[in-house]
>>> print(open('final00.txt').read())   # compact mmCIF, C-alpha atoms and all ligand atoms
# COMPACT_ATOMS: atom_id res chain seq x y z
CA MET A 624 133.25 114.61 91.53
CA SER A 625 132.88 111.07 92.79
CA ASN A 626 131.27 109.61 95.87
CA GLU A 627 130.62 106.16 97.10
CA CYS A 628 129.15 104.14 99.93
CA TYR A 629 128.65 100.54 100.94
CA VAL A 630 125.26 98.92 100.68
CA TYR A 631 124.33 96.53 103.50
CA ILE A 632 121.49 94.06 103.61
CA MET A 633 119.77 92.10 106.34
CA LEU A 634 119.28 88.64 104.85
CA PRO A 635 116.00 86.77 105.37
CA GLY A 636 115.69 85.40 108.90
CA LYS A 637 118.82 87.24 110.12
CA LEU A 638 119.20 90.06 112.64
CA ASN A 639 122.41 91.68 111.41
CA PHE A 640 123.58 93.38 108.26
CA VAL A 641 126.08 91.95 105.81
CA THR A 642 127.83 94.00 103.15
CA ALA A 643 126.20 93.39 99.78
CA GLY A 644 128.14 95.75 97.56
CA LYS A 645 129.30 99.20 96.71
CA PHE A 646 127.39 102.11 95.21
CA GLN A 647 129.16 104.91 93.45
CA LEU A 648 127.63 108.15 92.26
CA SER A 649 129.61 110.40 89.95
CA THR A 650 128.78 113.44 87.87
CA ASP A 651 130.52 114.36 84.66
CA ARG A 652 131.56 117.83 83.56
CA ASN A 653 128.03 118.61 82.44
CA ALA A 654 126.69 117.60 85.86
CA VAL A 655 125.07 114.48 84.43
CA PRO A 656 124.98 111.86 87.19
CA THR A 657 125.87 108.20 86.71
CA GLY A 658 125.28 105.55 89.35
CA ARG A 659 127.30 102.34 89.55
CA PHE A 660 126.63 99.35 91.71
CA VAL A 661 128.70 96.21 92.11
CA TYR A 662 128.06 93.24 94.40
CA GLY A 663 130.98 92.26 96.64
CA LYS A 664 132.80 89.05 95.74
CA SER A 665 132.26 87.53 99.17
CA TYR A 666 128.57 88.42 99.04
CA LEU A 667 128.17 86.65 95.70
CA GLU A 668 129.88 83.60 97.18
CA ARG A 669 127.30 83.30 99.96
CA LYS A 670 124.78 80.52 99.49
CA ASP A 671 122.05 82.67 101.03
CA ALA A 672 122.74 85.80 98.94
CA VAL A 673 119.63 87.46 97.52
CA PRO A 674 119.41 90.29 94.95
CA LEU A 675 118.55 93.79 96.21
CA ASP A 676 115.45 93.89 94.01
CA PRO A 677 113.57 91.50 91.73
CA VAL A 678 114.06 93.28 88.39
CA GLU A 679 117.27 95.23 88.02
CA LEU A 680 120.20 94.35 90.28
CA THR A 681 120.37 90.62 89.62
CA LEU A 682 123.13 88.62 91.34
CA GLN A 683 126.10 88.95 88.97
CA LYS A 684 129.73 90.05 88.96
CA GLU A 685 129.46 92.86 86.45
CA THR A 686 129.04 96.48 87.41
CA PHE A 687 125.54 97.92 86.91
CA ARG A 688 125.24 101.44 85.56
CA THR A 689 122.34 103.85 85.45
CA ALA A 690 121.84 107.42 84.34
CA ALA A 691 118.15 107.40 85.28
CA LEU A 692 116.81 108.71 88.61
CA LYS A 693 119.80 111.02 89.17
CA GLY A 694 121.97 107.90 89.11
CA VAL A 695 120.23 106.27 92.06
CA PHE A 696 119.03 102.73 91.30
CA GLY A 697 115.33 102.14 92.04
CA ALA A 698 116.00 99.79 94.95
CA LEU A 699 118.27 102.38 96.58
CA ARG A 700 115.91 105.26 95.85
CA ASP A 701 113.11 103.28 97.53
CA ALA A 702 115.31 103.06 100.63
CA SER A 703 115.99 106.78 100.62
CA PRO A 704 113.89 109.38 102.43
CA ASP A 705 111.30 111.26 100.42
CA TYR A 706 109.77 114.71 100.72
CA TRP A 707 109.06 114.61 104.47
CA GLY A 708 112.23 112.79 105.58
CA ARG A 709 114.37 115.06 103.42
CA ARG A 710 112.79 118.16 104.82
CA VAL A 711 113.64 117.11 108.37
CA ILE A 712 117.23 116.25 107.41
CA GLU A 713 117.64 119.60 105.66
CA LYS A 714 116.26 121.47 108.66
CA HIS A 715 118.61 119.65 110.94
CA ALA A 716 121.62 120.15 108.71
CA GLY A 717 120.68 123.81 108.19
CA LYS A 718 121.11 123.37 104.43
CA PRO A 719 118.49 123.78 101.72
CA GLN A 720 119.54 120.74 99.70
CA LEU A 721 121.88 117.80 100.03
CA SER A 722 123.30 115.38 97.50
CA GLU A 723 121.46 112.11 96.82
CA LEU A 724 124.27 110.25 98.56
CA ASP A 725 124.02 112.50 101.61
CA TYR A 726 120.32 111.75 101.92
CA LEU A 727 121.17 108.04 101.97
CA LEU A 728 123.95 108.46 104.51
CA GLU A 729 122.35 111.10 106.75
CA SER A 730 119.03 109.34 107.15
CA PRO A 731 118.38 107.05 110.08
CA ASP A 732 118.33 103.27 110.02
CA ASP A 733 114.55 102.93 109.92
CA ARG A 734 114.14 102.81 106.15
CA ALA A 735 111.57 100.66 104.37
CA GLY A 736 113.02 97.32 103.35
CA ALA A 737 116.19 95.46 104.31
CA LEU A 738 118.96 97.77 103.11
CA GLY A 739 121.41 99.98 104.95
CA PHE A 740 124.15 102.39 103.85
CA GLY A 741 127.48 103.49 105.27
CA LEU A 742 131.08 104.37 104.62
CA ASN A 743 132.67 101.30 106.23
CA ASN A 744 133.21 98.00 104.58
CA THR A 745 132.05 96.42 107.83
CA PRO A 746 128.36 97.05 108.49
CA PRO A 747 127.20 98.78 111.66
CA ALA A 748 124.88 97.10 114.15
CA PRO A 749 121.23 97.70 113.28
CA ARG A 750 119.38 100.42 115.14
CA LYS A 751 117.86 99.20 118.38
CA GLU A 752 116.35 102.33 119.94
CA PHE A 753 113.19 103.93 118.57
CA ASN A 754 110.79 106.61 119.70
CA LYS A 755 108.13 105.08 121.91
CA THR A 756 104.44 105.69 121.34
CA ILE A 757 104.48 107.62 124.62
CA ALA A 758 106.55 110.32 122.86
CA LEU A 759 103.78 111.04 120.34
CA PRO A 760 102.69 114.37 121.94
CA GLN A 761 106.23 115.72 121.70
CA LEU A 762 106.54 114.46 118.12
CA GLN A 763 103.22 116.09 117.18
CA THR A 764 104.50 119.43 118.51
CA LEU A 765 107.68 119.12 116.46
CA VAL A 766 105.66 118.22 113.37
CA ASP A 767 103.55 121.35 113.82
CA THR A 768 106.70 123.46 114.08
CA ILE A 769 108.10 122.07 110.84
CA VAL A 770 104.80 122.22 108.98
CA ASN A 771 104.37 125.85 110.01
CA ASP A 772 107.97 126.44 108.99
CA GLU A 773 108.73 128.46 112.07
CA ASP A 774 112.34 129.01 111.13
CA ALA A 775 112.78 131.51 113.91
CA ALA A 776 111.72 128.93 116.46
CA ILE A 777 114.28 126.40 115.29
CA GLY A 778 117.33 128.53 114.68
CA ALA A 779 120.72 126.88 114.99
CA ALA A 780 121.14 127.73 118.68
CA ASN A 781 117.73 126.41 119.65
CA PRO A 782 117.64 123.20 121.67
CA GLN A 783 114.75 122.08 119.43
CA ILE A 784 117.22 121.56 116.62
CA GLN A 785 118.46 118.45 118.40
CA ASP A 786 114.89 117.31 118.94
CA LEU A 787 114.43 117.29 115.19
CA LEU A 788 116.52 114.14 115.16
CA LEU A 789 113.57 112.46 116.87
CA LEU A 790 111.48 113.12 113.79
CA GLY A 791 114.14 112.05 111.32
CA THR A 792 112.97 109.10 109.26
CA SER A 793 114.01 107.39 106.08
CA MET A 794 110.46 106.29 105.38
CA GLY A 795 109.13 107.76 102.16
CA GLY A 796 106.08 109.90 101.48
CA ALA A 797 105.15 113.54 101.84
CA ARG A 798 102.96 113.57 104.94
CA PRO A 799 104.49 114.23 108.37
CA LYS A 800 105.50 110.93 109.92
CA ALA A 801 107.85 109.18 112.33
CA VAL A 802 108.60 105.60 113.28
CA VAL A 803 107.48 104.61 116.79
CA GLU A 804 107.66 101.44 118.82
CA ASP A 805 105.36 99.77 121.31
CA ASP A 806 105.30 96.29 122.77
CA GLY A 807 103.78 94.96 119.56
CA GLY A 808 106.53 96.22 117.26
CA LEU A 809 107.23 99.12 114.92
CA TRP A 810 104.61 101.49 113.56
CA ILE A 811 104.59 104.42 111.17
CA ALA A 812 102.96 107.33 112.96
CA LYS A 813 101.20 109.60 110.45
CA PHE A 814 100.33 113.01 111.90
CA ASN A 815 97.48 115.31 111.04
CA ARG A 816 98.36 118.74 109.72
CA THR A 817 96.43 121.73 110.99
CA ASP A 818 95.64 122.67 107.37
CA ASP A 819 94.11 119.27 106.50
CA ALA A 820 90.60 119.47 105.04
CA TRP A 821 89.44 116.65 107.33
CA ASN A 822 90.79 114.40 110.07
CA SER A 823 93.21 112.47 107.84
CA ALA A 824 94.28 110.01 110.52
CA ARG A 825 90.72 108.83 111.18
CA VAL A 826 89.74 108.86 107.50
CA GLU A 827 92.81 106.90 106.37
CA HIS A 828 92.24 104.36 109.13
CA ALA A 829 88.59 104.00 108.07
CA MET A 830 89.66 103.45 104.45
CA LEU A 831 91.94 100.60 105.55
CA VAL A 832 89.02 99.03 107.41
CA LEU A 833 86.74 99.49 104.39
CA ALA A 834 89.37 97.97 102.09
CA ARG A 835 89.56 94.92 104.35
CA LYS A 836 85.78 94.58 104.09
CA CYS A 837 86.25 94.59 100.31
CA GLY A 838 88.54 91.57 100.54
CA ILE A 839 91.83 93.47 100.28
CA GLU A 840 94.85 92.62 102.41
CA THR A 841 95.81 95.76 104.31
CA ALA A 842 98.39 96.95 106.78
CA GLU A 843 97.14 96.85 110.38
CA SER A 844 96.27 100.26 111.79
CA ARG A 845 94.85 102.11 114.78
CA VAL A 846 94.33 105.69 115.84
CA GLU A 847 95.95 107.12 118.98
CA ARG A 848 94.48 110.13 120.69
CA VAL A 849 97.26 112.57 121.59
CA ALA A 850 96.08 115.54 123.64
CA ASP A 851 93.23 116.76 121.43
CA ARG A 852 94.72 115.44 118.20
CA ASP A 853 94.59 112.08 116.41
CA VAL A 854 97.59 110.20 115.06
CA LEU A 855 97.34 107.23 112.70
CA LEU A 856 99.55 104.28 113.52
CA VAL A 857 100.23 101.84 110.68
CA LYS A 858 102.02 98.65 111.65
CA ARG A 859 105.18 98.07 109.63
CA PHE A 860 104.82 94.96 107.54
CA ASP A 861 108.50 94.97 106.54
CA ARG A 862 109.65 94.30 110.11
CA GLU A 863 109.17 91.17 112.20
CA LYS A 864 109.81 91.47 115.90
CA THR A 865 111.84 88.67 117.51
CA ARG A 866 113.24 88.40 121.01
CA ASP A 867 116.64 89.61 119.82
CA GLY A 868 115.69 92.32 117.37
CA TYR A 869 113.82 92.97 114.15
CA GLN A 870 114.03 90.88 111.01
CA ARG A 871 113.62 92.90 107.83
CA ALA A 872 111.86 92.14 104.56
CA ARG A 873 113.21 93.53 101.32
CA MET A 874 110.79 95.99 99.79
CA VAL A 875 110.66 97.86 96.49
CA SER A 876 108.00 100.13 95.06
CA ALA A 877 106.02 99.74 91.86
CA LEU A 878 108.06 102.65 90.53
CA THR A 879 111.10 100.38 90.57
CA LEU A 880 109.19 97.43 89.11
CA LEU A 881 108.02 99.66 86.27
CA ARG A 882 111.55 101.05 85.84
CA ALA A 883 109.94 104.47 85.95
CA GLN A 884 110.75 107.85 87.45
CA ASP A 885 108.65 110.02 89.69
CA THR A 886 108.39 112.70 87.00
CA TYR A 887 105.47 113.87 84.93
CA GLY A 888 107.32 112.91 81.74
CA ASP A 889 107.50 109.29 82.83
CA ARG A 890 103.79 108.94 83.51
CA ASP A 891 103.34 106.86 80.35
CA LYS A 892 105.00 104.04 82.27
CA TRP A 893 102.69 104.36 85.28
CA SER A 894 100.23 101.57 84.66
CA TYR A 895 98.35 98.87 86.55
CA VAL A 896 98.31 96.87 83.34
CA ALA A 897 102.10 96.96 83.03
CA LEU A 898 102.44 96.46 86.78
CA VAL A 899 100.38 93.29 86.81
CA GLU A 900 102.52 91.90 84.00
CA GLU A 901 105.66 92.50 86.10
CA MET A 902 103.92 91.15 89.15
CA ARG A 903 103.01 87.90 87.45
CA ARG A 904 106.63 87.50 86.40
CA ILE A 905 108.21 88.09 89.81
CA SER A 906 105.57 87.03 92.37
CA ALA A 907 105.85 83.66 94.05
CA GLN A 908 102.04 83.50 93.93
CA PRO A 909 100.80 85.26 90.81
CA ALA A 910 97.38 83.56 91.02
CA LYS A 911 96.78 85.44 94.29
CA ASP A 912 98.65 88.68 93.67
CA ALA A 913 97.29 89.51 90.21
CA PRO A 914 93.58 89.42 91.24
CA GLU A 915 94.51 91.24 94.47
CA LEU A 916 95.98 94.08 92.42
CA PHE A 917 92.74 94.18 90.42
CA ARG A 918 90.80 94.63 93.68
CA ARG A 919 93.07 97.47 94.76
CA MET A 920 92.69 99.24 91.43
CA CYS A 921 88.88 98.96 91.70
CA PHE A 922 88.93 100.10 95.31
CA ASN A 923 90.98 103.19 94.47
CA ALA A 924 88.46 104.06 91.75
CA LEU A 925 85.55 103.48 94.14
CA ILE A 926 86.93 105.80 96.85
CA SER A 927 88.42 108.31 94.39
CA ASN A 928 91.91 107.64 95.68
CA THR A 929 93.56 109.44 92.81
CA ASP A 930 96.85 109.57 94.71
CA ASP A 931 97.46 105.87 93.96
CA HIS A 932 100.88 106.64 92.41
CA PRO A 933 103.53 103.90 91.96
CA ARG A 934 105.18 104.49 95.33
CA ASN A 935 101.89 103.64 96.96
CA HIS A 936 102.23 100.05 95.74
CA ALA A 937 105.05 97.74 96.73
CA VAL A 938 106.35 94.18 96.72
CA ILE A 939 108.11 92.63 99.68
CA ALA A 940 110.27 89.57 100.25
CA ARG A 941 110.26 88.13 103.78
CA SER A 942 112.09 85.06 102.47
CA LYS A 943 113.72 84.76 99.08
CA ASP A 944 110.25 85.00 97.49
CA TRP A 945 108.57 88.23 96.40
CA ARG A 946 104.88 88.99 97.04
CA LEU A 947 102.61 91.98 96.70
CA SER A 948 102.79 93.90 100.00
CA PRO A 949 99.71 94.63 102.10
CA THR A 950 98.01 97.80 100.94
CA TYR A 951 98.70 101.19 102.59
CA ASP A 952 98.16 104.94 102.09
CA LEU A 953 94.49 104.98 101.08
CA THR A 954 93.03 108.47 100.88
CA PRO A 955 89.73 109.55 99.34
CA THR A 956 89.68 112.76 97.32
CA THR A 957 86.73 114.88 96.29
CA PRO A 958 87.41 116.30 92.82
CA VAL A 959 84.74 118.61 91.46
CA SER A 960 84.06 116.51 88.37
CA ILE A 961 81.31 113.94 88.79
CA GLU A 962 81.77 112.75 85.20
CA ARG A 963 85.35 111.73 85.03
CA ARG A 964 88.04 111.04 87.56
CA ASP A 965 91.46 109.67 86.70
CA LEU A 966 93.60 107.28 88.67
CA ALA A 967 97.33 107.97 88.79
CA LEU A 968 98.02 104.74 86.88
CA ILE A 969 96.66 103.57 83.53
CA ALA A 970 93.88 101.12 84.35
CA GLY A 971 92.68 99.80 81.01
CA ASN A 972 92.14 100.59 77.32
CA ARG A 973 90.66 103.98 78.21
CA GLY A 974 93.71 105.08 80.09
CA ARG A 975 93.43 106.35 83.66
CA TYR A 976 89.65 106.77 83.63
CA ALA A 977 88.19 105.47 86.91
CA HIS A 978 85.29 103.85 85.09
CA ALA A 979 83.83 100.35 85.52
CA GLU A 980 84.25 99.32 81.85
CA ASN A 981 87.80 100.64 81.73
CA LEU A 982 88.78 98.68 84.83
CA LEU A 983 87.30 95.52 83.33
CA SER A 984 88.92 95.94 79.92
CA GLU A 985 92.19 94.17 80.75
CA SER A 986 90.87 91.68 83.31
CA ALA A 987 92.61 88.70 81.68
CA ARG A 988 95.97 90.20 82.57
CA PHE A 989 94.86 90.15 86.21
CA LEU A 990 94.17 86.43 85.73
CA LEU A 991 90.41 86.94 85.92
CA ASN A 992 87.83 85.98 83.32
CA PRO A 993 85.36 88.75 82.45
CA GLU A 994 82.54 87.32 84.61
CA ALA A 995 84.75 86.88 87.68
CA ALA A 996 86.20 90.37 87.30
CA ARG A 997 82.75 91.92 86.92
CA SER A 998 81.37 90.12 89.94
CA ILE A 999 84.35 91.15 92.13
CA MET A 1000 83.95 94.75 91.06
CA ASP A 1001 80.15 94.80 91.49
CA GLU A 1002 80.46 93.28 94.97
CA MET A 1003 83.03 95.87 95.98
CA GLU A 1004 80.92 98.70 94.63
CA LYS A 1005 77.93 97.48 96.65
CA GLN A 1006 80.06 97.14 99.75
CA VAL A 1007 81.52 100.64 99.40
CA ARG A 1008 78.16 102.29 98.71
CA ALA A 1009 76.38 100.49 101.53
CA THR A 1010 78.97 100.64 104.28
CA TRP A 1011 81.49 103.45 103.86
CA ARG A 1012 79.61 105.87 106.10
CA ASP A 1013 78.85 103.38 108.87
CA ILE A 1014 82.43 102.17 108.86
CA ALA A 1015 83.79 105.70 108.93
CA ARG A 1016 81.48 106.68 111.78
CA SER A 1017 82.30 103.53 113.75
CA GLN A 1018 86.01 104.34 113.39
CA GLY A 1019 85.50 107.81 114.83
CA VAL A 1020 85.20 109.94 111.68
CA SER A 1021 82.86 112.82 112.59
CA ALA A 1022 79.51 113.27 110.82
CA GLN A 1023 80.82 116.55 109.46
CA ASP A 1024 83.92 114.90 108.00
CA CYS A 1025 81.72 112.17 106.48
CA ASP A 1026 79.82 114.91 104.65
CA ARG A 1027 83.10 116.42 103.51
CA ILE A 1028 84.31 113.15 101.95
CA SER A 1029 80.99 111.74 100.77
CA ASP A 1030 81.51 112.77 97.10
CA ALA A 1031 84.50 110.45 96.95
CA PHE A 1032 82.53 107.20 97.10
CA ALA A 1033 81.22 105.41 94.00
CA TYR A 1034 81.09 108.74 92.14
CA PRO A 1035 78.52 108.95 89.29
CA GLY A 1036 81.12 108.84 86.47
CA PHE A 1037 82.14 105.33 87.53
CA ARG A 1038 79.04 104.04 85.73
CA PHE A 1039 78.34 106.77 83.14
CA PRO A 1040 77.38 105.28 79.76
CA ILE A 1041 80.43 105.25 77.54
CA PRO A 1042 79.65 106.53 74.05
N1 LIG A 1101 102.79 99.54 106.90
C1 LIG A 1101 103.93 99.78 106.27
N2 LIG A 1101 105.01 98.98 106.42
C2 LIG A 1101 106.16 99.24 105.77
N3 LIG A 1101 106.34 100.27 104.95
C3 LIG A 1101 105.31 101.11 104.73
C4 LIG A 1101 104.05 100.91 105.37
N4 LIG A 1101 103.22 101.90 104.99
C5 LIG A 1101 103.94 102.69 104.16
N5 LIG A 1101 105.19 102.22 103.99
C6 LIG A 1101 106.28 102.84 103.23
O1 LIG A 1101 106.39 104.19 103.65
C7 LIG A 1101 106.16 105.08 102.57
C8 LIG A 1101 105.36 106.27 103.07
O2 LIG A 1101 104.11 105.84 103.60
P1 LIG A 1101 102.75 106.50 103.06
O3 LIG A 1101 102.64 106.25 101.61
O4 LIG A 1101 101.68 106.00 103.94
O5 LIG A 1101 103.05 108.03 103.35
P2 LIG A 1101 102.47 109.37 102.70
O6 LIG A 1101 103.30 110.47 103.21
O7 LIG A 1101 100.99 109.43 102.93
O8 LIG A 1101 102.73 109.16 101.16
P3 LIG A 1101 102.32 110.14 99.93
O9 LIG A 1101 103.47 111.02 99.69
O10 LIG A 1101 102.10 109.10 98.87
O11 LIG A 1101 101.06 110.83 100.34
C9 LIG A 1101 105.47 104.25 101.51
O12 LIG A 1101 105.73 104.74 100.22
C10 LIG A 1101 106.06 102.88 101.73
O13 LIG A 1101 107.34 102.78 101.12
MG MG A 1102 102.39 107.30 99.97
>>> encode(input="final00.txt", output="structure tokens")
Amino acid sequence: MSNECYVYIMLPGKLNFVTAGKFQLSTDRNAVPTGRFVYGKSYLERKDAVPLDPVELTLQKETFRTAALKGVFGALRDASPDYWGRRVIEKHAGKPQLSELDYLLESPDDRAGALGFGLNNTPPAPRKEFNKTIALPQLQTLVDTIVNDEDAAIGAANPQIQDLLLLGTSMGGARPKAVVEDDGGLWIAKFNRTDDAWNSARVEHAMLVLARKCGIETAESRVERVADRDVLLVKRFDREKTRDGYQRARMVSALTLLRAQDTYGDRDKWSYVALVEEMRRISAQPAKDAPELFRRMCFNALISNTDDHPRNHAVIARSKDWRLSPTYDLTPTTPVSIERRDLALIAGNRGRYAHAENLLSESARFLLNPEAARSIMDEMEKQVRATWRDIARSQGVSAQDCDRISDAFAYPGFRFPIP
């Protein structure tokens, strides 16, 4: 079996796609997939050609091959829908599972980054129409239907099945979301689920505000009240609105930078220490991005954001240069243990342990001397302890929800004496 598609890219400063190359996915007799990618000759001849990602698919004539990630190169996988987007596509198609190539081709042109996919050598015009913020109530209702898995309600003959297209998104992540537009530009709308333990929209927004107070560059966000529900809107930092359309920044996740998979077996490669090494190699401003990553690692430890997996970190290129992206997807958790909490990524010479001394142990790699690293971390800890509740309350998190999340902040194990 063999399948292929064209890969398009919107070059920096441009408003239309050009064809960058061809992706081919084949499986052998034992169902082992192999992906191949080759840049088009005319693309390589362009003076303004840029590679699809900063580590793997460098500009060259030869065909790239991969057997990892079900044959889907990291840069393409990052442009493909994830758990939520796939679920909507499957519901709409009425099929339980599609091929990796189908997910790329069936998903709408709102994906993170600057890539597009299609069957024609000539690229299509970029998508111009998006859901407006005014449609949020309708989108929230559709989200509830999908989350509750009311199959009966969205049988094939039901008009709602068409409405599902409104929710279709190529953006990654597991939480219910859609892309919406207002006069300011494009936003990711993240919806609350009725089974959430607290008001996630308000709490995530408050965490972004708290992170900013801790000196971290974050995505812009706001909360919209929709009927009696809250929806988080996070401004897309990979799109730049112009009078004639949206420019797109390339974007790849830390998973791609680390050449890692999303599987448990590959967790050895999930590491802030390895990530900062890659970052220093590819960033146009390592002296800013390396210490910034240190701050984010500390912040995640200080709010018990143990869901800081490699797809929750990214680099973007608005021009030909790559930089660390603004931070996004910050969620506190409240594990029972007060002694030891683990980040998703290795943070120092004691592994994933969210502990002050562990976070400081590799500070030189983050381009910080031990004193500077310690003072940044101590400052952030003070800030989090002293202000998290006031910030959360001022951003509309209820007193009850503050109590629910309070164990997340500067948990005791962060400073436990290490034997
Ligand atoms: N402000 C933004 N601008 C551009 N892309 C973004 C932005 N925020 C998130 N993304 C992209 O969208 C993806 C999904 O967003 P996010 O991580 O917030 O969703 P999630 O469903 O909470 O994720 P998870 O499955 O990690 O819980 C991210 O992995 C990232 O690729
Ligand atoms: Mg995420």
>>> residues_near_ligand(input="final00.txt", ligand="ligand MG 1102 (chain A)", cutoff="12 Å", atoms="only C-alpha atoms and all ligand atoms", output="ChimeraX atom specification")
/A:701,704-707,794-800,811,813,827,876-878,928-937,950-954
>>> atom_distance(input="final00.txt", atom1="atom CA of A:Asn972", atom2="atom CA of A:Glu985")
7.3 Å
>>> residues_around(input="final00.txt", residues="A:Leu692", least_positions_apart="5", cutoff="12 Å", atoms="all atoms listed in the file", output="PyMOL selection string")
chain A and resi 648+655-658+697-701+723+878-879+882-886+889
>>> atom_distance(input="final00.txt", atom1="atom CA of A:Asp671", atom2="atom CA of A:Ser942")
10.3 Å
>>> residues_around(input="final00.txt", residues="stretch 1016-1027 of chain A", least_positions_apart="5", cutoff="12 Å", atoms="all atoms listed in the file", output="NGL selection string")
:A and (819-833 or 844-848 or 853 or 855 or 955-958 or 1010-1011 or 1032)
>>> write_last_selection(input="final00.txt", atoms="C-alpha atoms", output="PDB file, in the frame of the given file")
ATOM      1  CA  ASP A 819      94.110 119.270 106.500  1.00  0.00           C
ATOM      2  CA  ALA A 820      90.600 119.470 105.040  1.00  0.00           C
ATOM      3  CA  TRP A 821      89.440 116.650 107.330  1.00  0.00           C
ATOM      4  CA  ASN A 822      90.790 114.400 110.070  1.00  0.00           C
ATOM      5  CA  SER A 823      93.210 112.470 107.840  1.00  0.00           C
ATOM      6  CA  ALA A 824      94.280 110.010 110.520  1.00  0.00           C
ATOM      7  CA  ARG A 825      90.720 108.830 111.180  1.00  0.00           C
ATOM      8  CA  VAL A 826      89.740 108.860 107.500  1.00  0.00           C
ATOM      9  CA  GLU A 827      92.810 106.900 106.370  1.00  0.00           C
ATOM     10  CA  HIS A 828      92.240 104.360 109.130  1.00  0.00           C
ATOM     11  CA  ALA A 829      88.590 104.000 108.070  1.00  0.00           C
ATOM     12  CA  MET A 830      89.660 103.450 104.450  1.00  0.00           C
ATOM     13  CA  LEU A 831      91.940 100.600 105.550  1.00  0.00           C
ATOM     14  CA  VAL A 832      89.020  99.030 107.410  1.00  0.00           C
ATOM     15  CA  LEU A 833      86.740  99.490 104.390  1.00  0.00           C
ATOM     16  CA  SER A 844      96.270 100.260 111.790  1.00  0.00           C
ATOM     17  CA  ARG A 845      94.850 102.110 114.780  1.00  0.00           C
ATOM     18  CA  VAL A 846      94.330 105.690 115.840  1.00  0.00           C
ATOM     19  CA  GLU A 847      95.950 107.120 118.980  1.00  0.00           C
ATOM     20  CA  ARG A 848      94.480 110.130 120.690  1.00  0.00           C
ATOM     21  CA  ASP A 853      94.590 112.080 116.410  1.00  0.00           C
ATOM     22  CA  LEU A 855      97.340 107.230 112.700  1.00  0.00           C
ATOM     23  CA  PRO A 955      89.730 109.550  99.340  1.00  0.00           C
ATOM     24  CA  THR A 956      89.680 112.760  97.320  1.00  0.00           C
ATOM     25  CA  THR A 957      86.730 114.880  96.290  1.00  0.00           C
ATOM     26  CA  PRO A 958      87.410 116.300  92.820  1.00  0.00           C
ATOM     27  CA  THR A1010      78.970 100.640 104.280  1.00  0.00           C
ATOM     28  CA  TRP A1011      81.490 103.450 103.860  1.00  0.00           C
ATOM     29  CA  PHE A1032      82.530 107.200  97.100  1.00  0.00           C
TER      30      PHE A1032
END
>>> atom_distance(input="final00.txt", atom1="atom CA of A:Gly838", atom2="atom CA of A:Leu925")
13.8 Å
>>> residues_around(input="final00.txt", residues="A:Arg964", least_positions_apart="6", cutoff="10 Å", atoms="all atoms listed in the file", output="ChimeraX atom specification")
/A:924,927-929,957-958,975-978,1034-1037
>>> closest_residue(input="final00.txt", among="A:Val959, A:Ala812, A:Ala995, A:Val896", to="A:Leu790", atoms="only C-alpha atoms")
A:Ala812
>>> decode(input="final00.txt", residues="stretch 696-706 of chain A", atoms="N, CA and C atoms", output="mmCIF file, in the first residue's frame")
data_model
loop_
_atom_site.group_PDB
_atom_site.id
_atom_site.type_symbol
_atom_site.label_atom_id
_atom_site.label_comp_id
_atom_site.auth_asym_id
_atom_site.auth_seq_id
_atom_site.Cartn_x
_atom_site.Cartn_y
_atom_site.Cartn_z
ATOM 1 N N PHE A 696 7.079 12.288 9.689
ATOM 2 C CA PHE A 696 8.156 13.144 10.206
ATOM 3 C C PHE A 696 7.609 14.082 11.279
ATOM 4 N N GLY A 697 8.479 14.431 12.255
ATOM 5 C CA GLY A 697 8.045 15.269 13.374
ATOM 6 C C GLY A 697 7.349 16.543 12.939
ATOM 7 N N ALA A 698 7.917 17.229 11.942
ATOM 8 C CA ALA A 698 7.336 18.512 11.511
ATOM 9 C C ALA A 698 5.920 18.308 10.955
ATOM 10 N N LEU A 699 5.698 17.160 10.319
ATOM 11 C CA LEU A 699 4.365 16.897 9.753
ATOM 12 C C LEU A 699 3.414 16.442 10.865
ATOM 13 N N ARG A 700 3.928 15.632 11.755
ATOM 14 C CA ARG A 700 3.112 15.193 12.894
ATOM 15 C C ARG A 700 2.657 16.406 13.737
ATOM 16 N N ASP A 701 3.545 17.383 13.904
ATOM 17 C CA ASP A 701 3.164 18.583 14.657
ATOM 18 C C ASP A 701 2.064 19.376 13.953
ATOM 19 N N ALA A 702 1.919 19.176 12.651
ATOM 20 C CA ALA A 702 0.903 19.900 11.891
ATOM 21 C C ALA A 702 -0.386 19.093 11.769
ATOM 22 N N SER A 703 -0.387 17.937 12.389
ATOM 23 C CA SER A 703 -1.511 17.012 12.263
ATOM 24 C C SER A 703 -2.386 17.110 13.508
ATOM 25 N N PRO A 704 -3.696 16.885 13.368
ATOM 26 C CA PRO A 704 -4.532 16.979 14.571
ATOM 27 C C PRO A 704 -4.150 15.905 15.571
ATOM 28 N N ASP A 705 -4.529 16.157 16.813
ATOM 29 C CA ASP A 705 -4.158 15.282 17.918
ATOM 30 C C ASP A 705 -5.438 14.655 18.447
ATOM 31 N N TYR A 706 -5.445 14.267 19.703
ATOM 32 C CA TYR A 706 -6.580 13.522 20.237
ATOM 33 C C TYR A 706 -7.934 14.194 19.945
#
